[in-house]
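The file data_24.cif contains mmCIF, C-alpha atoms:
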data_my_file
#
loop_
_atom_site.label_atom_id
_atom_site.label_comp_id
_atom_site.auth_asym_id
_atom_site.auth_seq_id
_atom_site.Cartn_x
_atom_site.Cartn_y
_atom_site.Cartn_z
CA MET A 15 -31.93 14.27 -11.68
CA PRO A 16 -30.07 11.04 -12.65
CA ALA A 17 -26.76 12.96 -12.65
CA LYS A 18 -27.44 14.19 -9.12
CA ALA A 19 -28.18 10.67 -7.87
CA LYS A 20 -24.99 9.32 -9.42
CA GLN A 21 -22.92 12.10 -7.89
CA SER A 22 -24.40 11.43 -4.44
CA VAL A 23 -23.37 7.77 -4.67
CA ARG A 24 -19.85 8.80 -5.61
CA GLU A 25 -19.67 11.22 -2.70
CA ARG A 26 -20.85 8.51 -0.31
CA ARG A 27 -18.17 6.13 -1.56
CA LYS A 28 -15.52 8.83 -1.35
CA ALA A 29 -16.55 9.44 2.28
CA VAL A 30 -16.05 5.72 2.99
CA TRP A 31 -12.53 5.89 1.52
CA ASP A 32 -11.71 9.00 3.55
CA SER A 33 -12.92 7.29 6.74
CA LEU A 34 -10.25 4.59 6.38
CA ASN A 35 -6.93 5.09 8.13
CA GLU A 36 -3.61 4.94 6.30
CA ARG A 37 -3.07 1.23 6.92
CA GLN A 38 -6.58 0.33 5.76
CA GLN A 39 -6.19 2.42 2.59
CA ILE A 40 -2.86 0.78 1.76
CA PHE A 41 -4.41 -2.66 2.38
CA LEU A 42 -7.36 -1.90 0.07
CA ARG A 43 -5.08 -0.35 -2.57
CA THR A 44 -2.84 -3.42 -2.58
CA ILE A 45 -5.81 -5.76 -2.96
CA TYR A 46 -7.16 -3.56 -5.76
CA ASP A 47 -3.81 -3.69 -7.60
CA LEU A 48 -3.65 -7.49 -7.31
CA ASP A 49 -7.29 -7.76 -8.38
CA GLN A 50 -6.60 -5.71 -11.50
CA ALA A 51 -3.47 -7.76 -12.22
CA ASN A 52 -5.51 -10.96 -12.01
CA GLU A 53 -8.01 -9.51 -14.46
CA ALA A 54 -5.30 -8.34 -16.87
CA ASN A 55 -3.43 -11.67 -16.79
CA ARG A 56 -6.38 -13.97 -17.47
CA GLY A 57 -5.75 -16.20 -20.43
CA ARG A 58 -8.06 -16.68 -23.39
CA PHE A 59 -9.11 -20.13 -22.22
CA ASP A 60 -9.56 -19.26 -18.54
CA SER A 61 -13.18 -20.30 -17.96
CA ARG A 62 -13.12 -19.99 -14.17
CA PRO A 63 -15.86 -17.81 -12.67
CA ALA A 64 -14.90 -14.39 -11.34
CA GLU A 65 -15.44 -15.42 -7.72
CA VAL A 66 -12.58 -17.91 -8.21
CA TRP A 67 -9.95 -15.97 -10.19
CA ARG A 68 -10.54 -12.80 -8.18
CA GLN A 69 -9.56 -14.58 -4.94
CA ILE A 70 -6.26 -13.30 -3.54
CA ASP A 71 -4.22 -15.36 -1.09
CA PHE A 72 -3.93 -13.56 2.25
CA THR A 73 -2.17 -15.88 4.73
CA HIS A 74 -1.60 -19.53 5.48
CA ASP A 75 -3.34 -21.00 8.53
CA PRO A 76 -1.48 -22.20 10.53
CA TYR A 77 0.98 -19.38 9.99
CA ASN A 78 4.61 -20.46 9.64
CA ARG A 79 6.77 -18.08 7.62
CA GLU A 80 9.79 -20.38 7.60
CA LEU A 81 7.81 -23.39 6.37
CA PHE A 82 5.22 -21.86 4.02
CA GLY A 83 6.73 -18.47 3.11
CA ILE A 84 4.48 -15.46 2.59
CA THR A 85 1.88 -14.52 -0.01
CA ALA A 86 2.20 -11.78 -2.64
CA LEU A 87 -0.24 -9.68 -0.61
CA GLN A 88 1.86 -10.02 2.55
CA SER A 89 5.03 -9.26 0.60
CA ARG A 90 3.60 -6.03 -0.82
CA LEU A 91 2.29 -4.95 2.57
CA GLU A 92 5.68 -5.57 4.14
CA SER A 93 7.32 -3.51 1.39
CA ALA A 94 4.94 -0.69 2.32
CA GLY A 95 6.07 -0.96 5.95
CA HIS A 96 3.03 -2.78 7.34
CA HIS A 97 3.66 -6.02 9.16
CA SER A 98 1.47 -9.05 9.63
CA GLN A 99 0.60 -8.25 13.25
CA GLY A 100 -1.95 -5.62 12.27
CA ASN A 101 -3.19 -7.09 9.00
CA GLY A 102 -5.82 -9.35 10.57
CA ALA A 103 -7.52 -6.45 12.34
CA THR A 104 -7.34 -4.37 9.16
CA MET A 105 -8.94 -7.17 7.15
CA THR A 106 -11.73 -7.52 9.73
CA HIS A 107 -12.51 -3.80 9.46
CA LEU A 108 -12.66 -3.89 5.66
CA ILE A 109 -14.95 -6.93 5.80
CA LYS A 110 -17.32 -5.07 8.12
CA LYS A 111 -17.34 -2.19 5.61
CA ASN A 112 -18.29 -4.66 2.81
CA LEU A 113 -15.14 -3.72 0.88
CA ILE A 114 -13.63 -7.21 0.84
CA GLU A 115 -14.79 -10.75 1.54
CA GLN A 116 -12.92 -13.53 3.31
CA GLY A 117 -12.69 -17.07 2.01
CA LEU A 118 -10.85 -20.32 2.61
CA ARG A 119 -9.35 -22.86 0.28
CA PRO A 120 -7.66 -26.11 1.29
CA VAL A 121 -3.91 -26.49 0.78
CA ALA A 122 -1.49 -29.33 1.48
CA MET A 123 -1.13 -28.38 5.16
CA GLY A 124 -4.02 -26.43 6.67
CA VAL A 125 -5.94 -23.80 4.72
CA MET A 126 -5.19 -20.62 2.81
CA ILE A 127 -7.21 -17.61 3.95
CA THR A 128 -8.16 -15.54 0.91
CA VAL A 129 -9.63 -12.11 0.33
CA THR A 130 -11.78 -10.94 -2.57
CA LEU A 131 -12.46 -7.33 -3.46
CA THR A 132 -16.20 -6.67 -3.59
CA ARG A 133 -17.81 -4.47 -6.23
CA GLU A 134 -18.39 -1.90 -3.52
CA GLY A 135 -14.74 -2.09 -2.53
CA ARG A 136 -13.66 -1.54 -6.12
CA ALA A 137 -16.04 1.42 -6.44
CA VAL A 138 -14.92 2.93 -3.11
CA TYR A 139 -11.26 2.74 -4.15
CA ARG A 140 -11.99 4.38 -7.49
CA ALA A 141 -14.15 7.09 -5.92
CA GLY A 142 -11.47 7.88 -3.36
CA ASN A 143 -8.59 8.05 -5.84
CA HIS A 144 -10.09 9.53 -9.00
CA VAL A 145 -10.26 13.30 -8.76
CA ALA A 146 -11.82 14.20 -12.09
CA PRO A 147 -15.58 14.82 -11.87
CA VAL A 148 -17.88 12.29 -13.46
CA SER A 149 -18.81 14.69 -16.25
CA SER A 150 -15.14 14.96 -17.31
CA ARG A 151 -14.84 11.22 -17.64
CA GLN A 152 -17.98 11.02 -19.67
CA GLN A 153 -16.33 13.32 -22.21
CA VAL A 154 -13.54 10.84 -23.00
CA ASP A 155 -13.88 7.61 -24.96
CA LEU A 156 -11.76 5.25 -22.88
CA THR A 157 -12.04 3.95 -19.35
CA GLU A 158 -9.11 4.18 -16.97
CA ARG A 159 -8.05 0.59 -17.68
CA SER A 160 -8.27 1.08 -21.45
CA TRP A 161 -6.16 4.24 -21.28
CA GLN A 162 -3.59 2.44 -19.12
CA VAL A 163 -3.29 -0.31 -21.73
CA MET A 164 -2.94 2.34 -24.46
CA GLY A 165 0.13 3.57 -22.61
CA LYS A 166 1.65 0.08 -22.67
CA LEU A 167 0.95 -0.19 -26.40
CA TRP A 168 2.51 3.23 -27.01
CA ASP A 169 5.59 2.33 -24.99
CA ALA A 170 6.06 -0.89 -26.97
CA ASP A 171 5.51 0.99 -30.26
CA ARG A 172 8.11 3.59 -29.27
CA ARG A 173 10.64 0.79 -28.70
CA GLY A 174 9.89 -0.65 -32.14
CA THR A 175 8.17 -3.79 -30.88
CA PHE A 176 4.68 -4.93 -29.88
CA LEU A 177 2.91 -5.70 -26.61
CA LYS A 178 3.62 -9.36 -25.95
CA TRP A 179 0.32 -10.39 -24.40
CA GLY A 180 -1.40 -13.61 -25.40
CA TYR A 181 -4.91 -12.28 -24.86
CA SER A 182 -6.52 -9.15 -23.43
CA THR A 183 -10.25 -8.59 -23.11
CA THR A 184 -9.66 -4.83 -22.92
CA ILE A 185 -7.70 -4.72 -26.17
CA ASP A 186 -9.85 -7.18 -28.14
CA HIS A 187 -13.27 -5.84 -27.16
CA VAL A 188 -12.56 -2.15 -26.53
CA LEU A 189 -9.43 -0.96 -28.34
CA ILE A 190 -9.89 -3.19 -31.42
CA ASP A 191 -13.61 -3.93 -31.88
CA LYS A 192 -15.03 -0.67 -30.51
CA HIS A 193 -12.45 2.04 -31.25
CA HIS A 194 -10.06 0.51 -33.85
CA LEU A 195 -7.04 1.84 -31.95
CA ALA A 196 -5.10 -1.44 -31.87
CA GLU A 197 -4.68 -4.63 -33.86
CA ARG A 198 -3.19 -8.07 -33.58
CA ALA A 199 0.54 -8.16 -34.20
CA ASP A 200 2.02 -10.23 -37.01
CA GLY A 201 1.56 -13.92 -36.34
CA GLY A 202 -1.47 -13.34 -34.12
CA TYR A 203 0.48 -13.19 -30.85
CA GLY A 204 0.55 -9.82 -29.11
CA TYR A 205 -0.87 -6.40 -29.98
CA ARG A 206 0.22 -3.13 -31.52
CA LEU A 207 -1.26 0.30 -32.20
CA THR A 208 -2.85 1.14 -35.52
CA ASP A 209 -2.02 4.41 -37.29
CA HIS A 210 -5.32 5.73 -35.95
CA GLY A 211 -4.26 4.61 -32.45
CA ARG A 212 -0.97 6.51 -32.67
CA THR A 213 -2.74 9.65 -33.84
CA TYR A 214 -5.38 9.31 -31.14
CA TYR A 215 -2.80 8.82 -28.37
CA ARG A 216 -0.82 11.89 -29.42
CA ALA A 217 -3.91 14.07 -29.84
CA HIS A 218 -5.60 13.13 -26.55
CA TRP A 219 -2.71 12.52 -24.13
CA THR A 220 -3.15 15.84 -22.30
CA GLU A 221 -6.90 15.34 -21.96
CA TYR A 222 -6.52 11.84 -20.49
CA ALA A 223 -3.63 12.92 -18.22
CA GLU A 224 -6.01 15.37 -16.54
CA VAL A 225 -8.93 12.94 -16.36
CA TYR A 226 -6.86 9.96 -15.13
CA PRO A 227 -3.91 11.58 -13.32
CA ASP A 228 -2.95 8.38 -11.51
CA ILE A 229 -2.10 6.70 -14.83
CA ASP A 230 1.53 7.48 -15.66
CA ASN A 231 1.38 6.93 -19.42
CA PRO A 232 4.46 8.17 -21.33
CA HIS A 233 4.23 11.59 -22.96
CA PRO A 234 3.98 11.24 -26.78
CA ASP A 235 6.98 13.56 -27.25
CA GLY A 236 9.04 11.92 -24.54
CA ILE A 237 8.72 14.91 -22.20
CA GLU A 238 9.53 14.08 -18.58
CA LEU A 239 6.89 15.84 -16.51
CA TRP A 240 8.19 14.29 -13.32
CA PRO A 241 11.80 13.29 -12.57
CA ALA A 242 12.05 9.67 -11.49
CA SER A 243 14.92 10.61 -9.17
CA VAL A 244 12.43 12.40 -6.90
CA ASP A 245 10.33 9.27 -6.38
CA THR A 246 13.54 7.30 -5.77
CA ALA A 247 14.70 9.76 -3.11
CA LEU A 248 11.35 9.71 -1.33
CA ALA A 249 11.18 5.91 -1.50
CA ARG A 250 14.72 5.64 -0.11
CA ALA A 251 13.84 7.87 2.84
CA GLN A 252 10.67 5.85 3.49
CA ALA A 253 12.60 2.58 3.22
CA ARG A 254 15.08 3.81 5.84
CA TYR A 255 12.28 4.47 8.31
CA ASN A 256 10.56 1.18 7.48
CA GLY A 257 13.77 -0.78 8.06
CA LEU A 258 14.37 0.91 11.40
CA ALA A 259 10.73 0.35 12.38
CA ARG A 260 11.09 -3.37 11.61
CA ALA A 261 14.22 -3.51 13.78
CA TRP A 262 12.34 -1.78 16.62
CA GLN A 263 9.41 -4.19 16.29
CA GLU A 264 11.75 -7.19 16.31
CA ALA A 265 13.43 -5.87 19.48
CA ARG A 266 10.01 -5.31 21.08
CA GLU A 267 8.90 -8.85 20.21
CA ALA A 268 12.18 -10.25 21.57
CA ALA A 269 11.70 -8.31 24.82
CA ASP A 270 8.12 -9.55 25.20
CA LYS A 271 9.08 -13.19 24.64
CA ALA A 272 12.07 -12.91 26.99
CA ARG A 273 9.90 -11.41 29.73
CA GLU A 274 7.45 -14.29 29.31
CA ARG A 275 10.28 -16.80 29.78
CA ALA A 276 11.61 -14.90 32.79
CA ALA A 277 8.16 -15.02 34.43
CA ARG A 278 7.82 -18.79 34.24
CA PRO A 279 7.11 -20.34 37.66
CA ASP A 280 9.56 -22.63 39.36
CA PRO A 281 9.27 -26.18 38.04
CA GLU A 282 7.56 -28.85 40.05
CA PRO A 283 10.02 -31.30 41.65
CA MET A 284 10.51 -34.15 39.21
CA TYR A 285 12.60 -36.24 41.58
CA PRO A 286 10.96 -36.15 45.03
CA LEU A 287 13.30 -38.83 46.35
CA GLU A 288 16.43 -37.56 44.65
CA SER A 289 17.44 -34.18 45.95
CA GLU A 290 20.33 -33.88 43.51
CA GLY A 291 17.99 -34.15 40.48
CA THR A 292 15.71 -31.49 41.97
CA GLU A 293 18.63 -29.18 42.57
CA MET A 294 19.87 -29.65 39.01
CA ALA A 295 16.43 -28.77 37.59
CA ALA A 296 16.32 -25.68 39.81
CA GLU A 297 19.78 -24.63 38.59
CA ARG A 298 18.69 -24.94 34.97
CA HIS A 299 15.53 -22.95 35.66
CA THR A 300 17.52 -20.21 37.42
CA LEU A 301 19.90 -19.99 34.47
CA THR A 302 16.99 -19.81 32.00
CA VAL A 303 15.28 -17.04 33.98
CA GLU A 304 18.50 -15.05 34.36
CA SER A 305 19.29 -15.40 30.66
CA ALA A 306 15.75 -14.30 29.73
CA ARG A 307 16.02 -11.24 31.97
CA ARG A 308 19.32 -10.24 30.40
CA GLU A 309 17.87 -10.73 26.91
CA ALA A 310 14.82 -8.60 27.78
CA ALA A 311 17.06 -5.85 29.20
CA LEU A 312 19.23 -5.91 26.06
CA ALA A 313 16.19 -5.71 23.75
CA GLU A 314 14.77 -2.79 25.77
CA ARG A 315 18.10 -0.94 25.49
CA GLN A 316 18.07 -1.54 21.73
CA MET A 317 14.55 -0.11 21.50
CA ARG A 318 15.60 3.03 23.39
CA ARG A 319 18.67 3.35 21.17
CA LEU A 320 16.50 3.14 18.03
CA GLU A 321 13.95 5.75 19.12
CA PRO A 322 15.98 8.91 18.32
CA VAL A 323 17.11 7.37 15.02
CA LEU A 324 13.48 6.57 14.15
CA LYS A 325 12.51 10.14 14.99
CA ASP A 326 15.16 11.53 12.64
CA ALA A 327 14.17 9.10 9.86
CA ALA A 328 10.44 9.85 10.18
CA PHE A 329 10.87 13.63 10.15
CA THR A 330 13.35 13.40 7.27
CA CYS A 331 10.63 11.57 5.29
CA ALA A 332 8.10 14.23 6.23
CA ARG A 333 10.37 17.19 5.38
CA ASP A 334 11.32 15.75 1.98
CA ALA A 335 7.76 14.71 1.09
CA ALA A 336 6.32 18.07 2.15
CA ALA A 337 8.93 19.95 0.11
CA VAL A 338 8.16 17.91 -3.01
CA PHE A 339 4.40 18.11 -2.45
CA THR A 340 4.61 21.91 -2.05
CA ALA A 341 6.63 22.21 -5.27
CA ALA A 342 4.18 20.00 -7.17
CA ALA A 343 1.19 21.99 -5.91
CA ALA A 344 2.85 25.23 -7.05
CA GLY A 345 3.95 23.79 -10.40
CA LYS A 346 7.65 24.14 -9.55
CA ASP A 347 10.59 21.79 -10.00
CA PRO A 348 10.39 19.04 -7.33
CA ALA A 349 14.03 18.05 -7.80
CA ALA A 350 15.12 21.60 -6.97
CA ALA A 351 12.95 21.49 -3.83
CA LEU A 352 14.76 18.35 -2.70
CA GLU A 353 18.16 19.91 -3.33
CA GLN A 354 17.42 22.80 -0.96
CA PRO A 355 19.29 22.23 2.30
CA ALA A 356 16.59 21.30 4.80
CA ARG A 357 16.94 22.66 8.31
CA ARG A 358 17.07 19.77 10.77
CA THR A 359 13.91 20.37 12.73
CA PHE A 360 11.26 18.23 14.34
CA THR A 361 8.44 20.61 13.47
CA LEU A 362 6.09 18.82 11.10
CA PRO A 363 5.63 20.85 7.89
CA LYS A 364 2.20 21.24 6.35
CA PRO A 365 2.02 21.91 2.59
CA PRO A 366 -0.39 24.44 1.08
CA SER A 367 -3.89 23.57 -0.05
CA THR A 368 -4.24 22.03 -3.51
CA GLY A 369 -7.92 22.81 -3.92
CA LEU A 370 -8.63 19.08 -4.16
CA ASP A 371 -10.83 18.30 -1.18
CA HIS A 372 -10.15 14.59 -0.88
CA ILE A 373 -6.39 15.23 -0.74
CA ASP A 374 -6.50 18.34 1.45
CA ASP A 375 -8.91 16.80 3.96
CA HIS A 376 -6.83 13.66 4.38
CA THR A 377 -3.63 15.70 4.60
CA ALA A 378 -5.11 17.78 7.42
CA LYS A 379 -6.36 14.64 9.18
CA LEU A 380 -2.99 12.86 9.06
CA HIS A 381 -1.12 16.03 10.02
CA ALA A 382 -3.33 16.39 13.09
CA GLN A 383 -2.75 12.75 14.03
CA ALA A 384 1.01 13.08 13.61
CA THR A 385 1.20 16.24 15.75
CA ALA A 386 -1.17 15.03 18.47
CA PRO A 387 0.35 14.14 21.85
CA THR A 388 1.26 10.48 22.22
CA PRO A 389 -1.54 8.76 24.20
CA PRO A 390 -0.62 6.57 27.16
CA PRO A 391 -0.33 2.86 26.38
CA ALA A 392 -3.58 0.93 26.65
CA PRO A 393 -3.81 -1.60 29.47
CA LYS A 394 -3.08 -5.14 28.42
CA THR A 395 -6.06 -7.48 28.17
CA PRO A 396 -5.93 -11.26 27.95
CA ALA A 397 -5.92 -12.56 24.39
CA PRO A 398 -9.24 -14.12 23.26
CA ARG A 399 -9.35 -17.87 22.87
CA ARG A 400 -9.04 -18.96 19.28
CA SER A 401 -11.96 -20.82 17.78
CA ARG A 402 -11.26 -23.87 15.66
CA SER A 403 -14.08 -23.05 13.26
CA ALA A 404 -13.18 -19.46 12.35
CA TYR A 405 -10.11 -17.36 11.80
CA THR A 406 -9.42 -15.03 14.70
CA PRO A 407 -6.95 -12.28 13.82
CA PRO A 408 -4.15 -11.70 16.32
CA PRO A 409 -4.27 -8.46 18.33
CA PRO A 410 -2.57 -5.57 16.53
CA ALA A 411 1.00 -4.84 17.52
CA PRO A 412 1.76 -1.44 19.04
CA PRO A 413 2.99 1.01 16.40
CA ALA A 414 6.65 1.85 16.08
CA PRO A 415 7.69 5.29 17.35
CA TYR A 416 6.72 8.15 15.02
CA GLU A 417 4.69 5.85 12.75
CA ALA A 418 2.04 8.59 12.42
CA VAL A 419 4.72 10.99 11.09
CA ALA A 420 5.92 8.37 8.60
CA SER A 421 2.32 7.68 7.51
CA TYR A 422 1.81 11.40 6.91
CA ALA A 423 4.97 11.46 4.79
CA SER A 424 3.83 8.34 2.89
CA HIS A 425 0.49 10.01 2.14
CA LEU A 426 2.20 13.08 0.63
CA ALA A 427 4.67 10.97 -1.34
CA ARG A 428 1.92 8.76 -2.74
CA HIS A 429 -0.02 11.69 -4.16
CA VAL A 430 3.00 13.14 -5.97
CA ALA A 431 4.43 9.78 -7.13
CA GLY A 432 4.96 9.62 -10.85
CA GLY A 433 3.76 13.21 -11.22
CA ALA A 434 0.11 12.45 -10.35
CA LEU A 435 -0.44 15.78 -8.57
CA THR A 436 1.36 17.64 -11.34
CA ARG A 437 -0.93 16.07 -13.94
CA ARG A 438 -3.98 16.96 -11.88
CA LEU A 439 -3.06 20.60 -11.55
CA HIS A 440 -0.50 21.64 -14.17
CA THR A 441 -0.43 19.28 -17.17
CA SER A 442 -0.99 21.96 -19.80
CA ARG A 443 1.46 24.39 -18.18
CA ALA A 444 4.17 21.75 -17.85
CA GLU A 445 3.84 20.83 -21.51
CA ALA A 446 4.10 24.46 -22.54
CA GLU A 447 7.26 24.99 -20.46
CA CYS A 448 8.86 21.87 -21.91
#

Any chance you could put this one into structure tokens?
Amino acid sequence: MPAKAKQSVRERRKAVWDSLNERQQIFLRTIYDLDQANEANRGRFDSRPAEVWRQIDFTHDPYNRELFGITALQSRLESAGHHSQGNGATMTHLIKKNLIEQGLRPVAMGVMITVTLTREGRAVYRAGNHVAPVSSRQQVDLTERSWQVMGKLWDADRRGTFLKWGYSTTIDHVLIDKHHLAERADGGYGYRLTDHGRTYYRAHWTEYAEVYPDIDNPHPDGIELWPASVDTALARAQARYNGLARAWQEAREAADKARERAARPDPEPMYPLESEGTEMAAERHTLTVESARREAALAERQMRRLEPVLKDAAFTCARDAAAVFTAAAAGKDPAAALEQPARRTFTLPKPPSTGLDHIDDHTAKLHAQATAPTPPPAPKTPAPRRSRSAYTPPPPAPPAPYEAVASYASHLARHVAGGALTRRLHTSRAEAEC
């Protein structure tokens, strides 16, 4: 009976993860990664409470990129192709789901808006991204974080050095005190594996690779289960689309601002008794309006010119990612799948089922969204007035053309990255072939 109750909680949390769209999942994943980095990098003498050191800077208010720069969270989201225009709405949705909390801390000029991952948010992320059933994890000794640190220790040991960390709660309390797999390095600074740790890592690597497939720990025999060149190729294709999408968004923003300038009303006469001054002001206004109209027309032409290039970039991402995903699901060489000459088509490929419901369901959902007819643009509504007492996120920007296709490709690429899907489905077979 207890096992059934625990499984039902996991299923509920997995359903919450599956209900998030691609942008919301990437946002939560990025916060989770920064949260775990904060935990891993805490020093021995860091006595701050968790609600303080778990805070992650989100954005400066007032926002001024040139003056204040951007936060690590914004930088990572931009690298993933998601711009600041939609991040406020995404954050609001995750707050409503009780996955993150918003906070404020004073800075030299204004305030810094922060986000903190809740326990529920951490559990939802883990439930949505860990495929192994609970019973499988209960059969291994180490948690996901402990196994990840074991990989770092093994990598350092293989290079003939030690892990140069000043202090790690995971290593001290779990790998040393509980399991005797690691020890302090000479001089007391850093950590290294014990002989028992080396034997344990080699003996249990396959088991942990199947239980924690998202952890890309090195194979004990140096076997490359997944060629890094495949991830590089997929990332390069995604980066091409993201760069073009940024250019399209910049052109759209330029067109919007230019149209606003062109729509400005004629100025009130500043010199009622001096007709020459009034005429001069009117001439300047006419020049400003004409210049703004020309700028808006140029930006609109640039947007139209980018649309077919964006289409090609998005479908190239999708074709490559689907080919690699299909090869990984079948246990075949992903590099060979990429080398096959792809027919230039704008039909969106759909890879075969993996048998993993949380992946297959989301794949089907994103494929349906990417192949659905483009809805007509929503009518513009006046922007809400900003309150001085609370942060009001700006309205989300319209998506770049073919963003749904690129999101579908990103989803496929993320699940094969580093050989995660291969480890889920074919770890033992891949080892045998190598």

Self-check item: Of the listed residues A:Leu301, A:Ala343, A:Tyr226, A:Met123, that which approaches Ile373 in chain A most closely, counting all atoms listed in the file
Solution: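 Comparing A:Leu301, A:Ala343, A:Tyr226, A:Met123 against Ile373 in chain A, the winner is A:Ala343.
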
Practice problem: Please indicate the distance in Å from CA of Ala137 in chain A to CA of Ala29 in chain A, rounded to one decimal place. | Solution: 11.9 Å

Self-check item: Among the residues A:Glu115, A:Glu134, A:Glu224, A:Glu158, the one that comes closest to Gln50 in chain A [using all atoms listed in the file]
Solution: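 Among the listed residues, A:Glu158 lies closest to Gln50 in chain A.
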
Quiz item: Which residues come within 10 Å of Ala94 in chain A, counting all atoms listed in the file, excluding same-chain residues fewer than 2 positions away, as a PyMOL selection string?
Solution: chain A and resi 37+40-41+44+88-92+96-97+249+252-253+256+424

Go ahead and write the selection's residues with C-alpha atoms as a PDB file, in the coordinates of the input.
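Here's the written file selection10.pdb:
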ATOM      1  CA  ARG A  37      -3.070   1.230   6.920  1.00  0.00           C
ATOM      2  CA  ILE A  40      -2.860   0.780   1.760  1.00  0.00           C
ATOM      3  CA  PHE A  41      -4.410  -2.660   2.380  1.00  0.00           C
ATOM      4  CA  THR A  44      -2.840  -3.420  -2.580  1.00  0.00           C
ATOM      5  CA  GLN A  88       1.860 -10.020   2.550  1.00  0.00           C
ATOM      6  CA  SER A  89       5.030  -9.260   0.600  1.00  0.00           C
ATOM      7  CA  ARG A  90       3.600  -6.030  -0.820  1.00  0.00           C
ATOM      8  CA  LEU A  91       2.290  -4.950   2.570  1.00  0.00           C
ATOM      9  CA  GLU A  92       5.680  -5.570   4.140  1.00  0.00           C
ATOM     10  CA  HIS A  96       3.030  -2.780   7.340  1.00  0.00           C
ATOM     11  CA  HIS A  97       3.660  -6.020   9.160  1.00  0.00           C
ATOM     12  CA  ALA A 249      11.180   5.910  -1.500  1.00  0.00           C
ATOM     13  CA  GLN A 252      10.670   5.850   3.490  1.00  0.00           C
ATOM     14  CA  ALA A 253      12.600   2.580   3.220  1.00  0.00           C
ATOM     15  CA  ASN A 256      10.560   1.180   7.480  1.00  0.00           C
ATOM     16  CA  SER A 424       3.830   8.340   2.890  1.00  0.00           C
TER      17      SER A 424
END

Care to translate the PyMOL selection byres ((chain A and resi 430-432) around 7) into actual residues of this file, as a PDB file with C-alpha atoms, in the frame of the given file?
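Now in out-v2.pdb:
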ATOM      1  CA  ASP A 230       1.530   7.480 -15.660  1.00  0.00           C
ATOM      2  CA  TRP A 240       8.190  14.290 -13.320  1.00  0.00           C
ATOM      3  CA  ASP A 245      10.330   9.270  -6.380  1.00  0.00           C
ATOM      4  CA  PHE A 339       4.400  18.110  -2.450  1.00  0.00           C
ATOM      5  CA  LEU A 426       2.200  13.080   0.630  1.00  0.00           C
ATOM      6  CA  ALA A 427       4.670  10.970  -1.340  1.00  0.00           C
ATOM      7  CA  ARG A 428       1.920   8.760  -2.740  1.00  0.00           C
ATOM      8  CA  HIS A 429      -0.020  11.690  -4.160  1.00  0.00           C
ATOM      9  CA  GLY A 433       3.760  13.210 -11.220  1.00  0.00           C
ATOM     10  CA  ALA A 434       0.110  12.450 -10.350  1.00  0.00           C
ATOM     11  CA  LEU A 435      -0.440  15.780  -8.570  1.00  0.00           C
TER      12      LEU A 435
END

Exercise. Kindly indicate which residue among A:Ala141, A:Met126, A:Leu320, A:Ile45 lies nearest to Asp32 in chain A, using only C-alpha atoms for the distances.
Key: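 Closest candidate: A:Ala141.
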
Quiz item: So which residues get picked by the PyMOL selection byres ((chain A and resi 384) around 7) here, written as a PyMOL selection string?
Solution: chain A and resi 380-383+385-386+418-419+422

Practice problem: Work out how far apart CA of Leu207 in chain A and CA of Lys166 in chain A are and give it in Å to one decimal. | Solution: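 Going from CA of Leu207 in chain A over to CA of Lys166 in chain A covers 10.0 Å.
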
Quiz prompt | Given only C-alpha atoms as the counted atoms, nearest of A:Glu353, A:Glu297, A:Glu417, A:Asp270 to Glu36 in chain A | solution =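 With only C-alpha atoms as the atom set, the closest residue is A:Glu417.
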
Quiz item: What is the distance between CA of Arg437 in chain A and CA of Val338 in chain A, in Å to one decimal?
Solution: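 Separation of CA of Arg437 in chain A and CA of Val338 in chain A: 14.3 Å.
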
Quiz item: When the PyMOL selection byres ((chain A and resi 177-190) around 7) is applied to the file above, which residues end up in the set, as a ChimeraX atom specification?
Solution: /A:54,57-58,160,167,170,176,191-197,203-206

Quiz prompt | Selected residue, from A:Thr340, A:Ser289, A:Gln354, A:Thr73, that lies nearest to Pro366 in chain A when counting all atoms listed in the file | solution =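 Answer, going by the shortest atom-to-atom distance: A:Thr340.
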
Quiz item: Smallest atom-to-atom distance to Arg172 in chain A: which of A:Gln116, A:Gly236, A:Ala223, A:Leu312, using only C-alpha atoms?
Solution: A:Gly236

Self-check item: 12 Å contact set for Asp47 in chain A, all atoms listed in the file, chain neighbours under 4 positions out, as a list in words
Solution: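 My reading of the contact set: Ile40, Phe41, Leu42, Arg43, Ala51, Asn52, Glu53, Ala54, Arg68, Ile70, Ala86, Leu87, Arg90, Leu91, Thr130, Leu131, Arg136, Tyr139, Arg140 and Arg159 of chain A.
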
Quiz item: Leaving out Gln316 in chain A and any residue of its chain fewer than 5 positions from it, which residues lie within 9 Å of it when counting only C-alpha atoms, given as a list of chain:residue names?
Solution: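 In the requested form, the answer reads A:Trp262, A:Ala265, A:Arg266, A:Ala311, A:Glu321.
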
Around all the atoms of range 34-37 of chain A listed in the file, with 6 Å of room on each side, what axis-aligned box do you get, giving centre and edge lengths in Å to one decimal, as AutoDock Vina command-line options?
--center_x -6.7 --center_y 3.2 --center_z 7.2 --size_x 19.2 --size_y 15.9 --size_z 13.8
